[in-house]
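structure-v7.txt follows; it contains compact mmCIF, C-alpha atoms.
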```
# COMPACT_ATOMS: atom_id res chain seq x y z
CA MET A 1 23.08 -8.24 -4.20
CA ARG A 2 23.53 -5.81 -7.05
CA HIS A 3 21.34 -3.79 -9.35
CA PHE A 4 20.74 -5.64 -12.62
CA GLY A 5 22.21 -8.72 -10.98
CA HIS A 6 19.22 -10.69 -12.27
CA LEU A 7 20.56 -10.23 -15.82
CA ALA A 8 22.97 -12.67 -17.41
CA SER A 9 26.60 -11.58 -17.11
CA ASP A 10 27.09 -11.40 -20.88
CA LEU A 11 24.06 -9.13 -21.21
CA ARG A 12 25.36 -6.85 -18.48
CA GLY A 13 28.62 -6.71 -20.39
CA GLU A 14 26.77 -5.47 -23.46
CA LEU A 15 24.88 -2.81 -21.52
CA PHE A 16 27.44 -1.39 -19.14
CA HIS A 17 30.67 0.53 -19.54
CA ARG A 18 31.10 -0.08 -15.79
CA GLU A 19 28.86 -2.68 -14.20
CA PRO A 20 27.00 -2.04 -10.93
CA GLN A 21 29.00 -3.14 -7.91
CA GLU A 22 27.81 -5.72 -5.42
CA PHE A 23 26.71 -4.66 -1.95
CA THR A 24 25.20 -6.36 1.09
CA SER A 25 22.89 -5.39 3.93
CA GLY A 26 26.09 -4.83 5.91
CA SER A 27 27.54 -2.27 3.47
CA PRO A 28 28.16 1.31 4.64
CA ALA A 29 25.07 3.44 5.05
CA ARG A 30 26.06 5.86 2.27
CA VAL A 31 26.16 2.94 -0.18
CA LEU A 32 22.83 1.51 0.95
CA ALA A 33 21.09 4.89 0.88
CA THR A 34 22.10 5.41 -2.74
CA ALA A 35 21.39 1.79 -3.65
CA LEU A 36 17.75 1.81 -2.45
CA GLY A 37 16.59 2.70 -5.95
CA ALA A 38 12.98 1.70 -6.54
CA THR A 39 11.68 0.69 -3.11
CA LEU A 40 8.66 -1.58 -3.55
CA TYR A 41 5.95 -1.45 -0.91
CA SER A 42 3.83 -4.50 -0.07
CA PRO A 43 1.08 -4.96 2.53
CA ALA A 44 2.33 -7.06 5.45
CA THR A 45 -0.86 -9.11 5.35
CA ARG A 46 -0.13 -10.90 2.07
CA PRO A 47 -0.45 -14.64 2.78
CA ARG A 48 2.42 -15.63 0.45
CA LEU A 49 4.67 -12.73 1.35
CA ALA A 50 7.84 -14.85 1.47
CA ASP A 51 7.19 -16.05 -2.08
CA ASP A 52 6.44 -12.49 -3.19
CA VAL A 53 9.69 -11.16 -1.75
CA LEU A 54 11.81 -13.79 -3.48
CA LYS A 55 9.90 -13.38 -6.74
CA GLN A 56 10.48 -9.63 -6.80
CA ALA A 57 14.14 -10.04 -5.85
CA ALA A 58 14.59 -12.38 -8.82
CA ARG A 59 13.14 -9.60 -11.02
CA GLY A 60 15.64 -6.99 -9.84
CA VAL A 61 14.06 -5.45 -6.72
CA VAL A 62 16.76 -4.62 -4.15
CA SER A 63 14.68 -2.86 -1.48
CA MET A 64 11.19 -3.58 -0.14
CA VAL A 65 8.96 -2.18 2.58
CA LEU A 66 6.49 -4.52 4.26
CA CYS A 67 3.74 -2.20 5.41
CA LEU A 68 1.70 -2.34 8.62
CA GLU A 69 0.45 1.22 8.27
CA ASP A 70 -1.76 2.89 5.64
CA SER A 71 -1.79 -0.04 3.21
CA ILE A 72 -3.78 -2.28 5.58
CA ASP A 73 -7.03 -1.91 7.50
CA ASP A 74 -6.79 -0.91 11.17
CA ARG A 75 -8.46 -4.19 12.08
CA ASP A 76 -5.74 -6.21 10.34
CA VAL A 77 -2.71 -4.89 12.21
CA GLU A 78 -2.38 -7.78 14.64
CA ALA A 79 -2.84 -10.29 11.82
CA GLY A 80 -0.23 -8.44 9.78
CA GLU A 81 2.29 -8.58 12.61
CA ALA A 82 1.73 -12.31 13.09
CA ASN A 83 2.03 -12.84 9.35
CA LEU A 84 5.37 -11.01 9.24
CA VAL A 85 6.77 -13.24 11.98
CA ARG A 86 5.64 -16.35 10.07
CA GLN A 87 6.94 -15.13 6.73
CA PHE A 88 10.36 -14.19 8.11
CA ALA A 89 10.60 -17.67 9.64
CA ASP A 90 9.64 -19.13 6.26
CA LEU A 91 12.36 -17.13 4.50
CA ALA A 92 14.98 -18.06 7.08
CA ALA A 93 14.18 -21.75 6.68
CA ARG A 94 14.59 -21.82 2.90
CA PRO A 95 18.06 -22.93 1.74
CA GLY A 96 19.83 -20.11 -0.07
CA ALA A 97 16.98 -17.64 0.39
CA GLU A 98 18.90 -15.38 2.74
CA GLN A 99 21.50 -14.63 0.06
CA ALA A 100 18.76 -13.80 -2.47
CA LEU A 101 16.82 -11.32 -0.34
CA PRO A 102 16.51 -7.60 -1.03
CA LEU A 103 16.91 -5.05 1.73
CA LEU A 104 13.78 -5.50 3.85
CA PHE A 105 12.14 -2.79 5.97
CA ILE A 106 8.94 -2.84 8.02
CA ARG A 107 6.69 0.20 8.10
CA VAL A 108 5.19 0.43 11.55
CA ARG A 109 2.51 2.54 13.21
CA THR A 110 3.90 3.00 16.73
CA PRO A 111 7.30 2.88 18.45
CA ALA A 112 6.13 -0.04 20.60
CA GLN A 113 5.67 -2.16 17.48
CA ILE A 114 9.40 -1.91 16.74
CA THR A 115 10.64 -3.48 19.96
CA ASP A 116 7.78 -5.98 20.01
CA LEU A 117 8.37 -7.16 16.45
CA VAL A 118 12.13 -7.50 16.91
CA HIS A 119 11.50 -9.61 20.00
CA ARG A 120 9.00 -11.81 18.14
CA LEU A 121 11.23 -12.16 15.09
CA GLY A 122 14.00 -13.62 17.22
CA GLY A 123 16.93 -14.82 15.15
CA THR A 124 15.18 -14.03 11.87
CA VAL A 125 15.68 -10.32 12.60
CA ARG A 126 18.97 -10.81 10.74
CA LEU A 127 16.90 -10.65 7.52
CA LEU A 128 15.64 -7.16 8.41
CA SER A 129 17.42 -3.95 7.47
CA GLY A 130 15.25 -1.56 9.45
CA PHE A 131 11.99 0.29 9.90
CA VAL A 132 10.04 2.98 8.07
CA LEU A 133 8.69 5.59 10.49
CA PRO A 134 5.40 7.28 9.50
CA LYS A 135 4.33 10.93 9.89
CA PHE A 136 7.71 11.91 11.27
CA THR A 137 8.19 15.14 13.22
CA GLU A 138 10.52 16.11 16.06
CA GLU A 139 7.85 15.27 18.63
CA THR A 140 6.84 11.90 17.16
CA GLY A 141 10.23 10.98 15.76
CA VAL A 142 12.33 10.75 18.90
CA PRO A 143 10.34 7.85 20.41
CA PHE A 144 10.52 5.99 17.10
CA LEU A 145 14.29 6.46 16.79
CA GLU A 146 14.85 5.51 20.42
CA ALA A 147 12.85 2.34 19.82
CA VAL A 148 15.00 1.45 16.80
CA GLY A 149 18.11 1.95 18.92
CA ASN A 150 16.73 -0.19 21.73
CA ALA A 151 15.75 -2.92 19.28
CA GLU A 152 19.21 -2.90 17.77
CA SER A 153 20.83 -3.21 21.19
CA ALA A 154 18.50 -6.02 22.21
CA SER A 155 19.00 -8.00 19.00
CA GLY A 156 22.66 -7.26 18.34
CA HIS A 157 21.73 -6.61 14.71
CA ARG A 158 22.19 -3.30 12.88
CA LEU A 159 18.86 -1.63 12.13
CA PHE A 160 18.27 1.55 10.15
CA ALA A 161 15.38 4.00 10.20
CA MET A 162 13.72 5.70 7.24
CA PRO A 163 11.46 8.52 8.45
CA VAL A 164 8.54 9.48 6.22
CA LEU A 165 7.95 13.22 5.92
CA GLU A 166 4.20 13.51 5.43
CA SER A 167 2.64 15.37 8.36
CA PRO A 168 0.24 18.32 7.87
CA GLU A 169 2.56 20.48 9.98
CA LEU A 170 5.18 20.12 7.28
CA LEU A 171 2.73 21.11 4.56
CA HIS A 172 1.08 24.09 6.26
CA LEU A 173 2.94 27.33 5.64
CA GLU A 174 2.66 28.71 9.19
CA SER A 175 4.28 25.63 10.76
CA ARG A 176 6.57 24.40 7.97
CA VAL A 177 9.81 26.13 8.91
CA GLU A 178 9.77 25.15 12.57
CA THR A 179 8.66 21.61 11.68
CA LEU A 180 11.54 21.28 9.22
CA TYR A 181 14.06 22.61 11.72
CA GLY A 182 12.69 20.21 14.33
CA ILE A 183 13.06 17.27 11.96
CA SER A 184 16.55 18.45 11.08
CA ARG A 185 17.56 18.57 14.76
CA THR A 186 16.17 15.09 15.33
CA VAL A 187 17.69 13.29 12.37
CA ASP A 188 21.03 15.02 12.93
CA LYS A 189 21.09 13.77 16.53
CA TYR A 190 20.42 10.22 15.31
CA ARG A 191 22.42 10.56 12.09
CA ASP A 192 24.07 7.13 12.32
CA ARG A 193 20.66 5.48 12.50
CA VAL A 194 18.86 7.36 9.69
CA LEU A 195 19.44 5.74 6.30
CA ALA A 196 17.26 8.02 4.15
CA LEU A 197 14.25 10.31 4.33
CA ARG A 198 11.11 9.45 2.39
CA LEU A 199 8.44 11.87 1.13
CA GLY A 200 4.74 11.12 1.66
CA VAL A 201 3.25 13.17 -1.14
CA THR A 202 -0.09 11.32 -1.07
CA ASP A 203 -0.63 12.52 2.50
CA PHE A 204 0.36 16.06 1.49
CA CYS A 205 -2.30 16.03 -1.23
CA SER A 206 -4.93 14.60 1.11
CA SER A 207 -4.62 17.61 3.43
CA TYR A 208 -6.11 19.74 0.65
CA GLY A 209 -8.38 17.18 -0.98
CA LEU A 210 -6.06 16.91 -3.98
CA ARG A 211 -5.03 14.02 -6.18
CA ARG A 212 -2.70 14.52 -9.11
CA ALA A 213 -3.90 13.13 -12.43
CA PRO A 214 -1.84 10.45 -14.21
CA ALA A 215 -0.51 13.00 -16.68
CA MET A 216 0.63 15.29 -13.86
CA THR A 217 3.76 14.95 -11.75
CA ALA A 218 4.14 15.94 -8.11
CA TYR A 219 5.96 19.02 -9.36
CA ASP A 220 2.88 20.20 -11.25
CA VAL A 221 1.00 20.42 -7.93
CA GLN A 222 2.53 23.64 -6.71
CA ILE A 223 1.67 23.27 -3.04
CA VAL A 224 3.45 19.88 -3.06
CA ALA A 225 6.37 21.13 -5.14
CA SER A 226 6.99 23.89 -2.62
CA VAL A 227 7.26 21.37 0.23
CA ILE A 228 9.67 19.17 -1.75
CA ALA A 229 11.84 22.21 -2.44
CA ASP A 230 11.91 23.18 1.23
CA VAL A 231 12.66 19.63 2.39
CA VAL A 232 15.63 19.41 0.02
CA ASN A 233 16.72 22.92 1.02
CA VAL A 234 16.95 22.01 4.72
CA LEU A 235 17.58 18.26 4.70
CA GLY A 236 19.18 17.41 1.36
CA ARG A 237 22.21 19.67 1.26
CA ALA A 238 25.42 18.44 -0.35
CA ASP A 239 27.73 19.94 2.26
CA GLY A 240 27.81 16.81 4.42
CA SER A 241 24.88 17.83 6.61
CA GLY A 242 22.19 16.42 4.32
CA PHE A 243 20.53 13.05 3.83
CA VAL A 244 19.35 11.05 0.86
CA VAL A 245 15.75 12.13 0.20
CA THR A 246 13.76 9.68 -1.90
CA GLY A 247 11.19 10.48 -4.57
CA PRO A 248 7.43 10.29 -3.94
CA VAL A 249 5.21 7.38 -4.86
CA TRP A 250 3.67 7.12 -8.33
CA GLU A 251 0.09 5.97 -7.84
CA TYR A 252 -0.95 4.84 -11.31
CA PHE A 253 -0.43 1.56 -13.07
CA ARG A 254 -3.47 1.20 -15.31
CA HIS A 255 -4.26 2.82 -18.62
CA HIS A 256 -5.70 6.33 -18.49
CA GLU A 257 -6.19 8.96 -21.16
CA ARG A 258 -2.98 10.91 -21.64
CA MET A 259 -2.70 14.68 -21.73
CA PHE A 260 0.98 14.92 -22.69
CA LYS A 261 3.05 13.18 -25.33
CA PRO A 262 5.98 11.21 -23.94
CA GLN A 263 9.36 12.85 -23.91
CA LEU A 264 10.82 9.66 -25.36
CA ARG A 265 9.27 10.43 -28.76
CA ARG A 266 11.90 13.10 -29.33
CA SER A 267 14.73 10.62 -29.86
CA PRO A 268 15.31 7.97 -32.53
CA PHE A 269 14.99 4.33 -31.47
CA THR A 270 15.26 0.89 -32.95
CA PRO A 271 12.02 -0.84 -34.02
CA GLU A 272 12.20 -2.97 -30.87
CA ALA A 273 12.59 0.13 -28.73
CA GLU A 274 9.67 1.73 -30.56
CA ASP A 275 7.49 -1.23 -29.55
CA LEU A 276 8.60 -0.82 -25.95
CA ARG A 277 7.92 2.89 -26.03
CA GLU A 278 4.39 2.25 -27.26
CA ALA A 279 3.93 -0.29 -24.46
CA LEU A 280 4.98 2.33 -21.93
CA ILE A 281 2.43 4.73 -23.38
CA GLU A 282 -0.31 2.13 -23.10
CA GLN A 283 0.62 1.51 -19.46
CA ASP A 284 0.42 5.26 -18.82
CA MET A 285 4.08 5.64 -17.91
CA ASP A 286 4.51 9.11 -19.43
CA GLY A 287 3.94 10.86 -16.12
CA LEU A 288 6.18 8.46 -14.24
CA LEU A 289 9.06 9.03 -16.66
CA ARG A 290 8.73 12.78 -16.34
CA GLU A 291 8.47 12.64 -12.57
CA ILE A 292 11.61 10.52 -12.19
CA GLU A 293 13.58 13.02 -14.26
CA LEU A 294 12.19 15.86 -12.15
CA ASP A 295 13.03 13.97 -8.96
CA ARG A 296 16.66 13.85 -10.05
CA ALA A 297 16.68 17.50 -11.11
CA ASN A 298 15.31 18.51 -7.71
CA GLY A 299 17.81 16.53 -5.65
CA LEU A 300 15.86 13.34 -4.90
CA GLN A 301 17.24 9.82 -5.30
CA GLY A 302 15.31 6.58 -5.70
CA LYS A 303 11.53 6.33 -5.48
CA THR A 304 8.71 4.75 -3.54
CA CYS A 305 6.86 2.20 -5.73
CA ILE A 306 3.53 0.50 -5.14
CA HIS A 307 3.53 -1.64 -8.27
CA PRO A 308 6.25 -3.96 -9.65
CA SER A 309 5.94 -2.47 -13.14
CA HIS A 310 7.44 0.79 -11.85
CA VAL A 311 10.61 -0.80 -10.51
CA PRO A 312 12.52 -1.43 -13.78
CA VAL A 313 11.62 2.06 -14.99
CA VAL A 314 13.01 3.75 -11.88
CA ASN A 315 16.15 1.62 -11.80
CA ALA A 316 16.87 1.98 -15.52
CA LEU A 317 16.68 5.75 -15.20
CA SER A 318 19.05 5.56 -12.21
CA VAL A 319 21.91 4.18 -14.31
CA VAL A 320 24.57 6.81 -14.96
CA THR A 321 24.91 7.64 -18.63
CA HIS A 322 28.30 7.47 -20.28
CA GLU A 323 28.20 11.24 -20.79
CA GLU A 324 27.40 11.91 -17.12
CA PHE A 325 30.22 9.61 -16.05
CA CYS A 326 32.76 11.30 -18.32
CA ASP A 327 31.77 14.73 -17.04
CA ALA A 328 31.88 13.67 -13.38
CA ALA A 329 35.23 11.91 -13.72
CA ASP A 330 36.77 14.87 -15.56
CA ILE A 331 35.49 17.33 -12.96
CA LEU A 332 36.92 15.40 -10.02
CA HIS A 333 40.22 14.80 -11.83
CA GLN A 334 40.55 18.51 -12.60
CA ASP A 335 39.53 19.41 -9.06
CA ARG A 336 42.63 17.66 -7.77
CA SER A 337 44.65 19.92 -10.06
CA GLY A 338 43.21 23.12 -8.65
CA GLY A 339 39.88 23.76 -10.35
CA GLY A 340 39.00 25.90 -13.33
CA VAL A 341 36.72 25.38 -16.31
CA LEU A 342 36.98 22.72 -18.99
CA ARG A 343 35.04 21.64 -22.04
CA SER A 344 33.17 18.38 -21.64
CA ALA A 345 34.42 15.24 -23.37
CA TYR A 346 31.20 15.32 -25.41
CA THR A 347 32.03 18.93 -26.41
CA ASN A 348 28.48 20.08 -25.64
CA LYS A 349 28.77 21.85 -22.29
CA MET A 350 31.00 23.69 -19.84
CA ASN A 351 32.18 21.82 -16.75
CA GLU A 352 33.05 24.34 -14.05
CA VAL A 353 35.03 22.32 -11.56
CA LYS A 354 34.29 23.83 -8.17
CA PRO A 355 30.54 24.49 -8.62
CA HIS A 356 30.00 21.06 -10.21
CA ARG A 357 32.07 19.08 -7.72
CA ALA A 358 29.17 18.05 -5.44
CA TRP A 359 27.17 16.92 -8.47
CA ALA A 360 30.13 14.89 -9.71
CA GLU A 361 30.61 13.20 -6.35
CA ARG A 362 26.94 12.28 -6.15
CA THR A 363 27.00 11.00 -9.74
CA LEU A 364 29.95 8.70 -9.09
CA ARG A 365 28.28 7.33 -5.95
CA ARG A 366 25.27 6.49 -8.11
CA ALA A 367 27.57 4.95 -10.73
CA GLU A 368 29.03 2.68 -8.08
CA VAL A 369 25.70 0.97 -7.35
CA PHE A 370 23.75 1.45 -10.61
CA GLY A 371 26.62 1.24 -13.07
CA VAL A 372 27.57 3.30 -16.11
CA ALA A 373 25.87 2.59 -19.43
CA ARG A 374 27.88 2.09 -22.59
CA GLU A 375 28.07 5.08 -24.88
CA ASP A 376 25.45 3.70 -27.28
CA VAL A 377 23.10 2.36 -24.58
CA GLY A 378 20.20 4.42 -23.29
CA PHE A 379 17.21 4.10 -21.01
CA VAL A 380 15.12 2.07 -23.43
CA GLU A 381 17.78 -0.61 -23.91
CA LEU A 382 18.30 -0.87 -20.16
CA LEU A 383 14.58 -1.09 -19.53
CA ALA A 384 13.99 -3.66 -22.29
CA ALA A 385 16.68 -5.88 -20.79
CA SER A 386 15.22 -5.51 -17.28
CA LEU A 387 11.59 -6.36 -17.98
CA PRO A 388 10.49 -9.80 -16.78
CA SER A 389 9.87 -12.35 -19.50
CA SER A 390 6.49 -13.26 -18.03
```

What would you get if you wrote out this structure as structure tokens?
Amino acid sequence: MRHFGHLASDLRGELFHREPQEFTSGSPARVLATALGATLYSPATRPRLADDVLKQAARGVVSMVLCLEDSIDDRDVEAGEANLVRQFADLAARPGAEQALPLLFIRVRTPAQITDLVHRLGGTVRLLSGFVLPKFTEETGVPFLEAVGNAESASGHRLFAMPVLESPELLHLESRVETLYGISRTVDKYRDRVLALRLGVTDFCSSYGLRRAPAMTAYDVQIVASVIADVVNVLGRADGSGFVVTGPVWEYFRHHERMFKPQLRRSPFTPEAEDLREALIEQDMDGLLREIELDRANGLQGKTCIHPSHVPVVNALSVVTHEEFCDAADILHQDRSGGGVLRSAYTNKMNEVKPHRAWAERTLRRAEVFGVAREDVGFVELLAASLPSS
């Protein structure tokens, strides 16, 4: 699989200075963690789930979570489990389907579900990349991670874990520091098993009866922004001790009255791009665009998505710009020569080699899986090319 692999090769050639590289579910963890991009969630109870997975993969989705937790009613858990077993068997039986699948994860409720599901999946577990672990703390997380390890040993198939950081203990000021340190101890102990950490901002808001409006980002809700900052501070460091931390879910996908003008209006576009920009406004994407940019600025990569319309937006904004690529490449080249300061190739900024090295390394990892846009190609062109025709 590869990002933008659903586009024709000649179109990719027009868009990319360096095309996204292919990867598989067996690729190194550092590649997969960066490649998650827009991770689309789907309830595990959907009766045509196998068809849905293949349909979304054909539209450019490379990671999906099939949810047995908050997205379904408590009474439907057993039915959801049985449906997952059936749908995985359906996918495994379809000629060529296995090669077309995105990375698939199951969000569970309890550790026991992990070992039980892997047993029931049998040989079709080979289609599964891992599990999403809800409300993760040191106390609750160890049993989940042990269960993933046991399931991997029993099946002989590599399985990753993606803990979700969403517990009230993490939000509340008096318990936040110890909770974060406990999570840090746990995920460090099981480092080879943890692919990425996910943020459950909706649960954070619920602890205070809050819900951000469609024109507001998670960073405008100060109590949430403070938790994100602390999570990145402890768990997202660039010194080799950190993990990929993914961006929070964007809840809205219908039209609502806007309170802010879109940032995209500040740049000139072609008439076709103008039409697309207006379509984004009508779909109330202003807040989403702003939040993705703020995710990146605050050290988050990828994003949880609950609607397919969000996926091309997130992935298009994940492509490395030509300017970013030039800066990152120059910084790392100069770093091998001993450091210093140099003017950017675009002659619009200072690149200070040692302080910017970690950023450059992260940027080139993103370029590997999302590609580098041509100099004259921006977000709108990438998004326009990625949107499904129907």

Might you pull out every residue within 9 Å of A:Val232, with all atoms listed in the file counted and same-chain residues fewer than 2 positions away left off, and present them as an mmCIF file with C-alpha atoms, keeping the file's coordinate frame?
```cif
data_model
loop_
_atom_site.group_PDB
_atom_site.id
_atom_site.type_symbol
_atom_site.label_atom_id
_atom_site.label_comp_id
_atom_site.auth_asym_id
_atom_site.auth_seq_id
_atom_site.Cartn_x
_atom_site.Cartn_y
_atom_site.Cartn_z
ATOM 1 C CA VAL A 227 7.260 21.370 0.230
ATOM 2 C CA ILE A 228 9.670 19.170 -1.750
ATOM 3 C CA ALA A 229 11.840 22.210 -2.440
ATOM 4 C CA ASP A 230 11.910 23.180 1.230
ATOM 5 C CA VAL A 234 16.950 22.010 4.720
ATOM 6 C CA LEU A 235 17.580 18.260 4.700
ATOM 7 C CA GLY A 236 19.180 17.410 1.360
ATOM 8 C CA ARG A 237 22.210 19.670 1.260
ATOM 9 C CA GLY A 242 22.190 16.420 4.320
ATOM 10 C CA PHE A 243 20.530 13.050 3.830
ATOM 11 C CA VAL A 245 15.750 12.130 0.200
ATOM 12 C CA ASN A 298 15.310 18.510 -7.710
ATOM 13 C CA GLY A 299 17.810 16.530 -5.650
ATOM 14 C CA LEU A 300 15.860 13.340 -4.900
#
```

ask   = Neighbours of A:Val249 within 7 Å (all atoms listed in the file; same-chain residues fewer than 2 positions away dropped), as a PyMOL selection string?
value = chain A and resi 247+251+303-305

query = Any idea what's packed within 6 Å of stretch 181-185 of chain A, counting only C-alpha atoms, ignoring anything in its chain fewer than 3 positions away? Could you give it as a list in words?
reply = Thr137, Glu138, Glu178 and Asp188 of chain A

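If all atoms listed in the file are the atoms counted, then among A:Gly26, A:Pro43, A:Pro214, A:Pro308 the closest residue to A:Asp73 is A:Pro43.
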
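Nearest residue to A:Ala100 among A:Ala238, A:Val61, A:Leu15, A:Ile306 is A:Val61, counting only C-alpha atoms.
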